[in-house]
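Structure data (TSV, C-alpha atoms and all ligand atoms) from structure25.tsv:
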chain	number	residue	atom	x	y	z
A	248	MET	CA	-33.64	-28.25	57.59
A	249	ALA	CA	-35.51	-27.62	54.38
A	250	ARG	CA	-38.60	-25.46	54.80
A	251	ASN	CA	-41.95	-25.70	53.07
A	252	VAL	CA	-42.60	-22.45	51.25
A	253	PHE	CA	-45.92	-21.55	49.60
A	254	VAL	CA	-45.63	-18.83	46.95
A	255	THR	CA	-48.70	-17.34	45.24
A	256	GLY	CA	-48.28	-15.80	41.79
A	257	ALA	CA	-45.27	-17.98	41.05
A	258	THR	CA	-45.81	-18.30	37.29
A	259	SER	CA	-44.15	-15.00	36.42
A	260	GLY	CA	-41.95	-12.09	37.46
A	261	ILE	CA	-41.22	-11.63	41.16
A	262	GLY	CA	-43.07	-14.76	42.39
A	263	LEU	CA	-41.23	-17.00	39.93
A	264	CYS	CA	-37.88	-15.60	41.11
A	265	ILE	CA	-38.90	-16.04	44.75
A	266	ALA	CA	-39.75	-19.69	44.10
A	267	GLU	CA	-36.41	-20.16	42.37
A	268	ALA	CA	-34.48	-18.41	45.16
A	269	TYR	CA	-35.97	-20.79	47.75
A	270	THR	CA	-35.41	-23.93	45.67
A	271	LYS	CA	-31.83	-22.86	45.00
A	272	TYR	CA	-31.41	-22.41	48.76
A	273	GLY	CA	-32.64	-25.99	49.30
A	274	ASP	CA	-36.22	-25.39	50.43
A	275	ASN	CA	-39.32	-27.13	49.07
A	276	VAL	CA	-41.90	-24.97	47.34
A	277	LEU	CA	-45.61	-25.09	46.67
A	278	ILE	CA	-46.12	-22.79	43.71
A	279	SER	CA	-49.47	-21.41	42.63
A	280	GLY	CA	-51.09	-19.30	39.96
A	281	ARG	CA	-53.94	-19.61	37.47
A	282	ARG	CA	-51.91	-21.00	34.55
A	283	ALA	CA	-51.60	-24.76	34.96
A	284	GLU	CA	-49.25	-25.28	32.02
A	285	VAL	CA	-46.80	-22.62	33.24
A	286	LEU	CA	-46.85	-24.11	36.73
A	287	ALA	CA	-46.03	-27.53	35.27
A	288	GLU	CA	-43.08	-26.08	33.31
A	289	VAL	CA	-41.72	-24.27	36.38
A	290	GLN	CA	-42.18	-27.39	38.51
A	291	ALA	CA	-40.26	-29.54	36.02
A	292	ARG	CA	-37.42	-27.03	35.67
A	293	LEU	CA	-36.93	-26.20	39.36
A	294	SER	CA	-37.17	-29.75	40.66
A	295	LYS	CA	-34.69	-30.95	38.03
A	296	GLU	CA	-32.29	-28.05	38.58
A	297	TYR	CA	-32.26	-28.02	42.38
A	298	GLY	CA	-33.39	-31.53	43.39
A	299	VAL	CA	-36.00	-30.30	45.87
A	300	ARG	CA	-39.71	-30.92	46.13
A	301	VAL	CA	-41.82	-28.63	43.95
A	302	GLU	CA	-45.60	-28.95	44.14
A	303	THR	CA	-48.17	-26.97	42.18
A	304	LEU	CA	-51.56	-25.54	42.97
A	305	VAL	CA	-53.77	-24.07	40.27
A	306	LEU	CA	-55.59	-21.31	42.07
A	307	ASP	CA	-57.38	-18.07	41.36
A	308	VAL	CA	-56.95	-16.18	44.62
A	309	ARG	CA	-60.11	-14.18	43.87
A	310	SER	CA	-62.25	-17.27	44.44
A	311	ARG	CA	-62.91	-17.56	48.16
A	312	GLU	CA	-64.53	-20.95	47.62
A	313	ASP	CA	-61.48	-22.30	45.75
A	314	VAL	CA	-59.02	-20.90	48.27
A	315	GLU	CA	-60.97	-22.33	51.21
A	316	SER	CA	-61.20	-25.79	49.66
A	317	LYS	CA	-57.93	-26.12	47.72
A	318	VAL	CA	-55.38	-24.45	50.00
A	319	PRO	CA	-55.84	-26.63	53.12
A	320	ALA	CA	-55.77	-29.78	50.97
A	321	ALA	CA	-52.59	-28.62	49.22
A	322	ILE	CA	-50.87	-27.75	52.50
A	323	GLU	CA	-51.75	-31.08	54.02
A	324	ALA	CA	-50.45	-32.95	50.97
A	325	PHE	CA	-47.31	-30.78	51.10
A	326	GLY	CA	-46.76	-31.68	54.75
A	327	GLY	CA	-47.29	-28.23	56.29
A	328	VAL	CA	-46.13	-24.72	55.59
A	329	ASP	CA	-43.29	-22.70	57.12
A	330	VAL	CA	-43.33	-19.63	54.88
A	331	LEU	CA	-46.22	-18.08	52.96
A	332	VAL	CA	-45.37	-15.51	50.32
A	333	ASN	CA	-48.53	-13.64	49.30
A	334	ASN	CA	-47.21	-12.32	46.03
A	335	ALA	CA	-50.10	-12.75	43.53
A	336	GLY	CA	-51.26	-9.33	42.46
A	337	LEU	CA	-51.70	-6.91	39.63
A	338	ALA	CA	-52.34	-3.40	38.48
A	339	GLN	CA	-54.93	-2.98	35.77
A	340	GLY	CA	-55.87	0.12	33.82
A	341	LEU	CA	-54.38	2.88	35.96
A	342	ASP	CA	-56.25	5.68	34.21
A	343	PRO	CA	-57.21	8.91	36.00
A	344	PHE	CA	-59.83	7.90	38.56
A	345	GLN	CA	-62.61	9.80	36.77
A	346	ASP	CA	-61.92	7.87	33.53
A	347	SER	CA	-61.09	4.51	35.07
A	348	ALA	CA	-63.14	1.35	34.67
A	349	VAL	CA	-64.86	0.10	37.79
A	350	ASP	CA	-64.18	-3.46	36.56
A	351	ASP	CA	-60.41	-2.82	36.68
A	352	ALA	CA	-60.73	-1.45	40.21
A	353	VAL	CA	-62.74	-4.46	41.34
A	354	THR	CA	-60.19	-6.86	39.82
A	355	MET	CA	-57.35	-5.15	41.73
A	356	ILE	CA	-59.26	-5.13	45.02
A	357	ASP	CA	-60.37	-8.76	44.59
A	358	THR	CA	-56.84	-9.95	43.78
A	359	ASN	CA	-54.53	-7.76	45.83
A	360	VAL	CA	-56.62	-7.42	48.98
A	361	LYS	CA	-59.35	-10.05	49.13
A	362	GLY	CA	-57.15	-12.74	47.56
A	363	LEU	CA	-54.38	-12.10	50.08
A	364	LEU	CA	-56.95	-12.17	52.88
A	365	TYR	CA	-58.47	-15.51	51.77
A	366	VAL	CA	-55.08	-17.19	51.36
A	367	THR	CA	-53.78	-15.92	54.69
A	368	LYS	CA	-56.94	-17.06	56.46
A	369	ALA	CA	-56.50	-20.53	54.95
A	370	VAL	CA	-52.81	-20.80	55.88
A	371	LEU	CA	-52.64	-19.14	59.29
A	372	PRO	CA	-54.30	-21.97	61.28
A	373	TYR	CA	-51.41	-24.28	60.27
A	374	MET	CA	-48.88	-21.75	61.55
A	375	ILE	CA	-50.81	-21.15	64.76
A	376	ASP	CA	-50.95	-24.90	65.34
A	377	LYS	CA	-47.15	-25.07	65.13
A	378	ASN	CA	-46.64	-21.70	66.82
A	379	ALA	CA	-44.23	-20.90	64.02
A	380	GLY	CA	-44.21	-19.51	60.51
A	381	HIS	CA	-43.50	-16.45	58.42
A	382	ILE	CA	-45.97	-14.55	56.24
A	383	VAL	CA	-44.42	-12.29	53.62
A	384	ASN	CA	-46.85	-9.94	51.88
A	385	MET	CA	-45.99	-8.17	48.63
A	386	GLY	CA	-46.84	-4.53	49.06
A	387	SER	CA	-45.37	-1.73	46.98
A	388	THR	CA	-44.00	1.78	47.22
A	389	ALA	CA	-47.43	2.48	45.67
A	390	GLY	CA	-48.82	1.73	49.11
A	391	ILE	CA	-46.78	4.58	50.56
A	392	TYR	CA	-46.82	7.23	47.83
A	393	ALA	CA	-49.92	7.77	45.67
A	394	TYR	CA	-49.38	8.67	42.02
A	395	PRO	CA	-51.65	9.93	39.22
A	396	GLY	CA	-53.87	7.15	37.89
A	397	GLY	CA	-52.93	4.90	40.79
A	398	ALA	CA	-55.71	5.66	43.27
A	399	VAL	CA	-57.10	2.15	43.50
A	400	TYR	CA	-53.83	0.22	43.01
A	401	CYS	CA	-52.15	2.39	45.65
A	402	ALA	CA	-55.10	1.85	47.99
A	403	THR	CA	-54.80	-1.94	47.59
A	404	LYS	CA	-51.10	-1.86	48.44
A	405	ALA	CA	-51.68	0.42	51.44
A	406	ALA	CA	-54.24	-2.18	52.53
A	407	VAL	CA	-51.61	-4.92	52.20
A	408	LYS	CA	-49.33	-3.00	54.56
A	409	MET	CA	-52.11	-2.46	57.11
A	410	LEU	CA	-53.23	-6.11	56.90
A	411	SER	CA	-49.64	-7.18	57.57
A	412	ASP	CA	-49.26	-4.85	60.54
A	413	GLY	CA	-52.62	-5.87	61.97
A	414	ILE	CA	-51.94	-9.60	61.62
A	415	ARG	CA	-48.53	-9.12	63.23
A	416	MET	CA	-50.19	-7.50	66.24
A	417	ASP	CA	-52.94	-10.11	66.47
A	418	THR	CA	-50.38	-12.94	66.45
A	419	ILE	CA	-47.97	-11.18	68.81
A	420	ALA	CA	-48.28	-13.93	71.40
A	421	THR	CA	-47.02	-16.49	68.87
A	422	ASP	CA	-43.65	-16.98	67.15
A	423	ILE	CA	-45.21	-16.15	63.78
A	424	LYS	CA	-43.53	-13.33	61.84
A	425	VAL	CA	-45.16	-11.00	59.31
A	426	THR	CA	-43.24	-8.89	56.80
A	427	THR	CA	-44.30	-6.47	54.08
A	428	ILE	CA	-41.99	-6.08	51.09
A	429	GLN	CA	-42.49	-2.74	49.32
A	430	PRO	CA	-40.66	-2.64	46.00
A	431	GLY	CA	-40.56	0.31	43.64
A	432	ILE	CA	-40.56	-0.27	39.87
A	433	VAL	CA	-39.50	-3.84	39.09
A	434	GLU	CA	-39.00	-5.00	35.50
A	435	THR	CA	-41.52	-7.84	35.02
A	436	PRO	CA	-44.56	-8.61	32.84
A	437	PHE	CA	-46.55	-6.56	35.42
A	438	SER	CA	-46.61	-3.46	33.20
A	439	GLU	CA	-47.96	-5.38	30.24
A	440	VAL	CA	-50.75	-6.74	32.41
A	441	ARG	CA	-51.36	-3.22	33.69
A	442	PHE	CA	-51.84	-1.86	30.14
A	443	HIS	CA	-53.99	-4.79	29.00
A	444	GLY	CA	-51.14	-6.32	26.95
A	445	ASP	CA	-49.81	-3.12	25.32
A	446	ALA	CA	-46.06	-3.93	25.16
A	447	GLU	CA	-45.04	-0.46	23.90
A	448	LYS	CA	-46.73	1.32	26.79
A	449	ALA	CA	-45.24	-1.23	29.17
A	450	LYS	CA	-41.70	-0.61	27.87
A	451	ALA	CA	-42.10	3.13	28.39
A	452	VAL	CA	-42.52	2.56	32.15
A	453	TYR	CA	-38.86	1.49	32.40
A	454	ALA	CA	-37.45	4.20	30.07
A	455	GLY	CA	-34.59	6.10	31.69
A	456	ILE	CA	-34.63	3.92	34.79
A	457	ASP	CA	-32.26	1.09	35.62
A	458	ALA	CA	-35.22	-0.77	37.11
A	459	ILE	CA	-34.68	-3.31	39.85
A	460	GLN	CA	-35.03	-6.90	38.73
A	461	PRO	CA	-37.32	-9.58	40.17
A	462	GLU	CA	-34.23	-11.46	41.38
A	463	ASP	CA	-33.37	-8.46	43.57
A	464	VAL	CA	-36.75	-8.69	45.28
A	465	ALA	CA	-36.39	-12.45	45.69
A	466	ASP	CA	-33.03	-11.98	47.41
A	467	VAL	CA	-34.67	-9.62	49.90
A	468	VAL	CA	-37.52	-12.07	50.61
A	469	LEU	CA	-35.03	-14.86	51.25
A	470	TYR	CA	-33.00	-12.55	53.50
A	471	VAL	CA	-35.97	-11.52	55.68
A	472	THR	CA	-37.02	-15.14	56.16
A	473	ASN	CA	-33.50	-16.29	57.01
A	474	GLN	CA	-33.16	-14.31	60.22
A	475	PRO	CA	-32.87	-15.85	63.70
A	476	LYS	CA	-36.07	-16.59	65.58
A	477	ARG	CA	-35.65	-13.51	67.80
A	478	LEU	CA	-35.47	-11.10	64.87
A	479	GLN	CA	-38.46	-9.92	62.86
A	480	ILE	CA	-38.20	-7.55	59.90
A	481	SER	CA	-41.56	-5.79	59.74
A	482	ASP	CA	-41.15	-4.14	56.37
A	483	VAL	CA	-38.59	-3.46	53.69
A	484	THR	CA	-38.80	-0.76	51.02
A	485	ILE	CA	-36.52	-1.12	48.00
A	486	MET	CA	-36.37	0.85	44.79
A	487	ALA	CA	-34.23	1.62	41.76
A	488	ASN	CA	-31.42	4.04	42.41
A	489	GLN	CA	-32.98	6.51	39.98
A	490	GLN	CA	-36.55	6.20	41.26
A	491	ALA	CA	-37.75	9.37	42.95
B	501	LIG	P1	-46.36	-10.41	37.07
B	501	LIG	O1	-47.49	-9.96	36.22
B	501	LIG	O2	-45.09	-10.79	36.42
B	501	LIG	O3	-46.82	-11.61	38.02
B	501	LIG	C1	-48.05	-11.59	38.69
B	501	LIG	C2	-48.31	-12.97	39.27
B	501	LIG	O4	-49.56	-12.92	39.99
B	501	LIG	C3	-48.43	-14.03	38.21
B	501	LIG	O5	-47.73	-15.19	38.63
B	501	LIG	C4	-49.93	-14.30	38.13
B	501	LIG	O6	-50.15	-15.68	37.84
B	501	LIG	C5	-50.38	-14.00	39.56
B	501	LIG	N1	-51.79	-13.65	39.62
B	501	LIG	C6	-52.39	-12.54	39.12
B	501	LIG	N2	-53.72	-12.60	39.35
B	501	LIG	C7	-53.95	-13.77	40.02
B	501	LIG	C8	-55.11	-14.40	40.53
B	501	LIG	N3	-56.33	-13.85	40.41
B	501	LIG	N4	-54.97	-15.58	41.17
B	501	LIG	C9	-53.74	-16.15	41.32
B	501	LIG	N5	-52.61	-15.61	40.85
B	501	LIG	C10	-52.72	-14.43	40.20
B	501	LIG	O7	-46.10	-9.20	38.09
B	501	LIG	P2	-44.97	-8.96	39.21
B	501	LIG	O8	-44.15	-10.16	39.38
B	501	LIG	O9	-44.33	-7.69	38.89
B	501	LIG	O10	-45.91	-8.72	40.48
B	501	LIG	C11	-45.91	-9.57	41.61
B	501	LIG	C12	-46.36	-8.78	42.82
B	501	LIG	O11	-45.45	-7.70	43.05
B	501	LIG	C13	-47.74	-8.14	42.70
B	501	LIG	O12	-48.41	-8.23	43.93
B	501	LIG	C14	-47.43	-6.67	42.36
B	501	LIG	O13	-48.46	-5.82	42.76
B	501	LIG	C15	-46.17	-6.49	43.19
B	501	LIG	N6	-45.30	-5.38	42.79
B	501	LIG	C16	-44.82	-5.28	41.51
B	501	LIG	C17	-44.00	-4.22	41.15
B	501	LIG	C18	-43.48	-4.04	39.76
B	501	LIG	O14	-43.05	-2.93	39.42
B	501	LIG	N7	-43.45	-5.08	38.92
B	501	LIG	C19	-43.64	-3.19	42.13
B	501	LIG	C20	-44.18	-3.41	43.45
B	501	LIG	C21	-44.97	-4.47	43.75
B	501	LIG	P3	-51.24	-16.24	36.81
B	501	LIG	O15	-51.34	-15.25	35.68
B	501	LIG	O16	-50.70	-17.58	36.41
B	501	LIG	O17	-52.47	-16.37	37.61

This entry written out as structure tokens:
Amino acid sequence: MARNVFVTGATSGIGLCIAEAYTKYGDNVLISGRRAEVLAEVQARLSKEYGVRVETLVLDVRSREDVESKVPAAIEAFGGVDVLVNNAGLAQGLDPFQDSAVDDAVTMIDTNVKGLLYVTKAVLPYMIDKNAGHIVNMGSTAGIYAYPGGAVYCATKAAVKMLSDGIRMDTIATDIKVTTIQPGIVETPFSEVRFHGDAEKAKAVYAGIDAIQPEDVADVVLYVTNQPKRLQISDVTIMANQQA
């Protein structure tokens, strides 16, 4: 039976590929992000291509007020939620800590940690009600291994992993599953966002590496959510063959 899958950050990169992987598989998706026009384009393309239901939700995950009011309404209109993919996130700046902008740090914490928290809080009651559901949180190898300039980004992704593990324990008496996906370097617009739009600097990130592609991550997300009820995959770490 087709599932209802809610994907945050589905206008670009990994989230867009995750939404496409589910629609291709025959599931319905609720896609969200801040860019309404991109969401509309993705909605038109995916629903036409795969003949499934594709709904959109314009949402800035940093706004607790918006998440608390818009997410429940969207889920009810969608007819419930079986899978939540908390994918919206970013790196910004990534200068040595002593030179870094506090505003960049706050943006990363607000998006990657607080945004994920708000969305999960809004969605979880629907899963608890049904005693079923799967939450997939997008962590990173950055949450396992710190690197120069990455203090705050790495801290946000370590927080994602700990939030996932904590929520899994707190919902242990239910049939809800929680998984953290921890990719290494993935070739997406992420690096351009990270360097405030500097395409040259962004390209240099992938130099000499056959970087994994967003489709690779999407395949893994689909795989972890396609397991039998008895089997839970707590976390998956994937990286390019050449990534140390
Ligand atoms: P992209 O920049 O391509 O996509 C980021 C997505 O997040 C966009 O759809 C964007 O949508 C959304 N987003 C960003 N800020 C907000 C916000 N405040 N509210 C709602 N949506 C937001 O990057 P990736 O696809 O590479 O990244 C996706 C996830 O994967 C992130 O969590 C990232 O940390 C993680 N990751 C990425 C890796 C990489 O190397 N690329 C490696 C490991 C993890 P919009 O602009 O429309 O709001």

With only C-alpha atoms as the counted atoms, please give the residues lying no more than 8 Å from Arg250 (chain A), apart from itself and same-chain residues fewer than 4 positions off, as a PDB file with C-alpha atoms, in the frame of the given file.
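Below is the file that was written, result11.pdb:
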ATOM      1  CA  ASP A 274     -36.220 -25.390  50.430  1.00  0.00           C
ATOM      2  CA  ASN A 275     -39.320 -27.130  49.070  1.00  0.00           C
ATOM      3  CA  VAL A 328     -46.130 -24.720  55.590  1.00  0.00           C
ATOM      4  CA  ASP A 329     -43.290 -22.700  57.120  1.00  0.00           C
ATOM      5  CA  VAL A 330     -43.330 -19.630  54.880  1.00  0.00           C
TER       6      VAL A 330
END

- [ ] Grab me every residue within 6 Å of ligand LIG 501 (chain B), counting all atoms listed in the file, and send it over as a PyMOL selection string.
- [x] chain A and resi 256-262+280-282+306-309+334-337+358+385-387+430-437+440

- [ ] Would you list the residues near (-39.1, -17.2, 56.1) (no more than 10 Å away, in the coordinates of the file, using only C-alpha atoms) as a list of chain:residue names?
- [x]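 Within the cut-off we find A:Arg250, A:Asn251, A:Val252, A:Tyr269, A:Asp329, A:Val330, A:Leu331, A:Val332, A:Gly380, A:His381, A:Ile382, A:Val383, A:Ile423, A:Lys424, A:Val425, A:Thr426, A:Val468, A:Leu469, A:Tyr470, A:Val471, A:Thr472, A:Asn473, A:Gln474, A:Pro475, A:Lys476, A:Gln479.
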
TODO: Find the residue from A:Gly298, A:Gly326, A:Gly362, A:Gly455 that sits nearest to Asn384 (chain A); use only C-alpha atoms when measuring.
DONE: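 Closest residue, counting only C-alpha atoms: A:Gly362.
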
Where does region 266-336 of chain A meet region 363-379 of chain A within 7 Å, residue by residue, with the nearest atom pair and distance in Å to one decimal for each, counting only C-alpha atoms, listed by chain and rising number, as JSON lines?
{"residue": "A:Arg311", "atom": "CA", "partner": "A:Tyr365", "partner_atom": "CA", "distance": 6.1}
{"residue": "A:Val314", "atom": "CA", "partner": "A:Val366", "partner_atom": "CA", "distance": 6.2}
{"residue": "A:Glu315", "atom": "CA", "partner": "A:Ala369", "partner_atom": "CA", "distance": 6.1}
{"residue": "A:Val318", "atom": "CA", "partner": "A:Ala369", "partner_atom": "CA", "distance": 6.4}
{"residue": "A:Pro319", "atom": "CA", "partner": "A:Ala369", "partner_atom": "CA", "distance": 6.4}
{"residue": "A:Gly327", "atom": "CA", "partner": "A:Tyr373", "partner_atom": "CA", "distance": 7.0}
{"residue": "A:Asn333", "atom": "CA", "partner": "A:Leu363", "partner_atom": "CA", "distance": 6.1}

Could you write those residues out with C-alpha atoms, as a PDB file, in the coordinates of the input?
ATOM      1  CA  ARG A 311     -62.910 -17.560  48.160  1.00  0.00           C
ATOM      2  CA  VAL A 314     -59.020 -20.900  48.270  1.00  0.00           C
ATOM      3  CA  GLU A 315     -60.970 -22.330  51.210  1.00  0.00           C
ATOM      4  CA  VAL A 318     -55.380 -24.450  50.000  1.00  0.00           C
ATOM      5  CA  PRO A 319     -55.840 -26.630  53.120  1.00  0.00           C
ATOM      6  CA  GLY A 327     -47.290 -28.230  56.290  1.00  0.00           C
ATOM      7  CA  ASN A 333     -48.530 -13.640  49.300  1.00  0.00           C
TER       8      ASN A 333
END

Mind giving me the axis-aligned box for region 344-350 of chain A with 5 Å on every side, centre plus edges in Å to one decimal, as AutoDock Vina command-line options?
--center_x -62.3 --center_y 3.2 --center_z 36.0 --size_x 15.0 --size_y 23.3 --size_z 15.0

TODO: Tell me, in Å to one decimal, how far CA of Val399 (chain A) is from CA of Met355 (chain A).
DONE: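 Between CA of Val399 (chain A) and CA of Met355 (chain A) the gap is 7.5 Å.
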
TODO: Mind giving me the straight-line distance from CA of Lys317 (chain A) to CA of Lys361 (chain A) in Å, one decimal?
DONE: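 Spanning CA of Lys317 (chain A) to CA of Lys361 (chain A) is a straight-line distance of 16.2 Å.
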
Task: Which residue of A:Leu304, A:Met416, A:Ala338, A:Ala266 approaches Ala283 (chain A) most closely, using only C-alpha atoms - done: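 Result for the nearest residue to Ala283 (chain A): A:Leu304.
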
TODO: Would you mind reading off the distance between CA of Val353 (chain A) and CA of Val305 (chain A), one decimal, in Å?
DONE: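 Distance between the two atoms: 21.6 Å.
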
Open item on the list: Taking all atoms listed in the file into account, name the residue in A:Asp346, A:Glu462, A:Glu447, A:Asp482 that is nearest to Ser411 (chain A).
Closed with: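 Residue with the minimum atom-to-atom distance to Ser411 (chain A): A:Asp482.
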
Open item on the list: Give me the residues near Phe325 (chain A) as a list in words, where near means some atom within 8 Å (using all atoms listed in the file) and where sequence neighbours in that chain fewer than 4 positions away do not count.
Closed with: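 The residues satisfying every condition are Asn251, Leu277, Glu302 and Ala321 of chain A.
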
- [ ] Tell me which of A:Pro461, A:Gly273, A:Gly340, A:Gly390 sits closest to Ala406 (chain A), counting all atoms listed in the file.
- [x] A:Gly390

Open item on the list: I'd like to know which of A:Thr418, A:Gly396, A:Lys448, A:Ala458 is closest to Ala491 (chain A), using all atoms listed in the file.
Closed with: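 So, comparing all the options, the nearest one is A:Ala458.
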
Open item on the list: (-57.5, 9.9, 36.2) in this file's frame - what residues fall within 9 Å of it? Use only C-alpha atoms and give the answer as a list in words.
Closed with: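 Counting only C-alpha atoms, I find these residues within 9 Å of (-57.5, 9.9, 36.2): Leu341, Asp342, Pro343, Phe344, Gln345, Asp346, Ser347, Pro395, Gly396, Gly397 and Ala398 of chain A.
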
Task: Shortest interatomic distance to Lys271 (chain A) - which of A:Ile419, A:Ala465, A:Val254, A:Cys401, counting only C-alpha atoms - done: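 Counting only C-alpha atoms, the residue closest to Lys271 (chain A) is A:Ala465.
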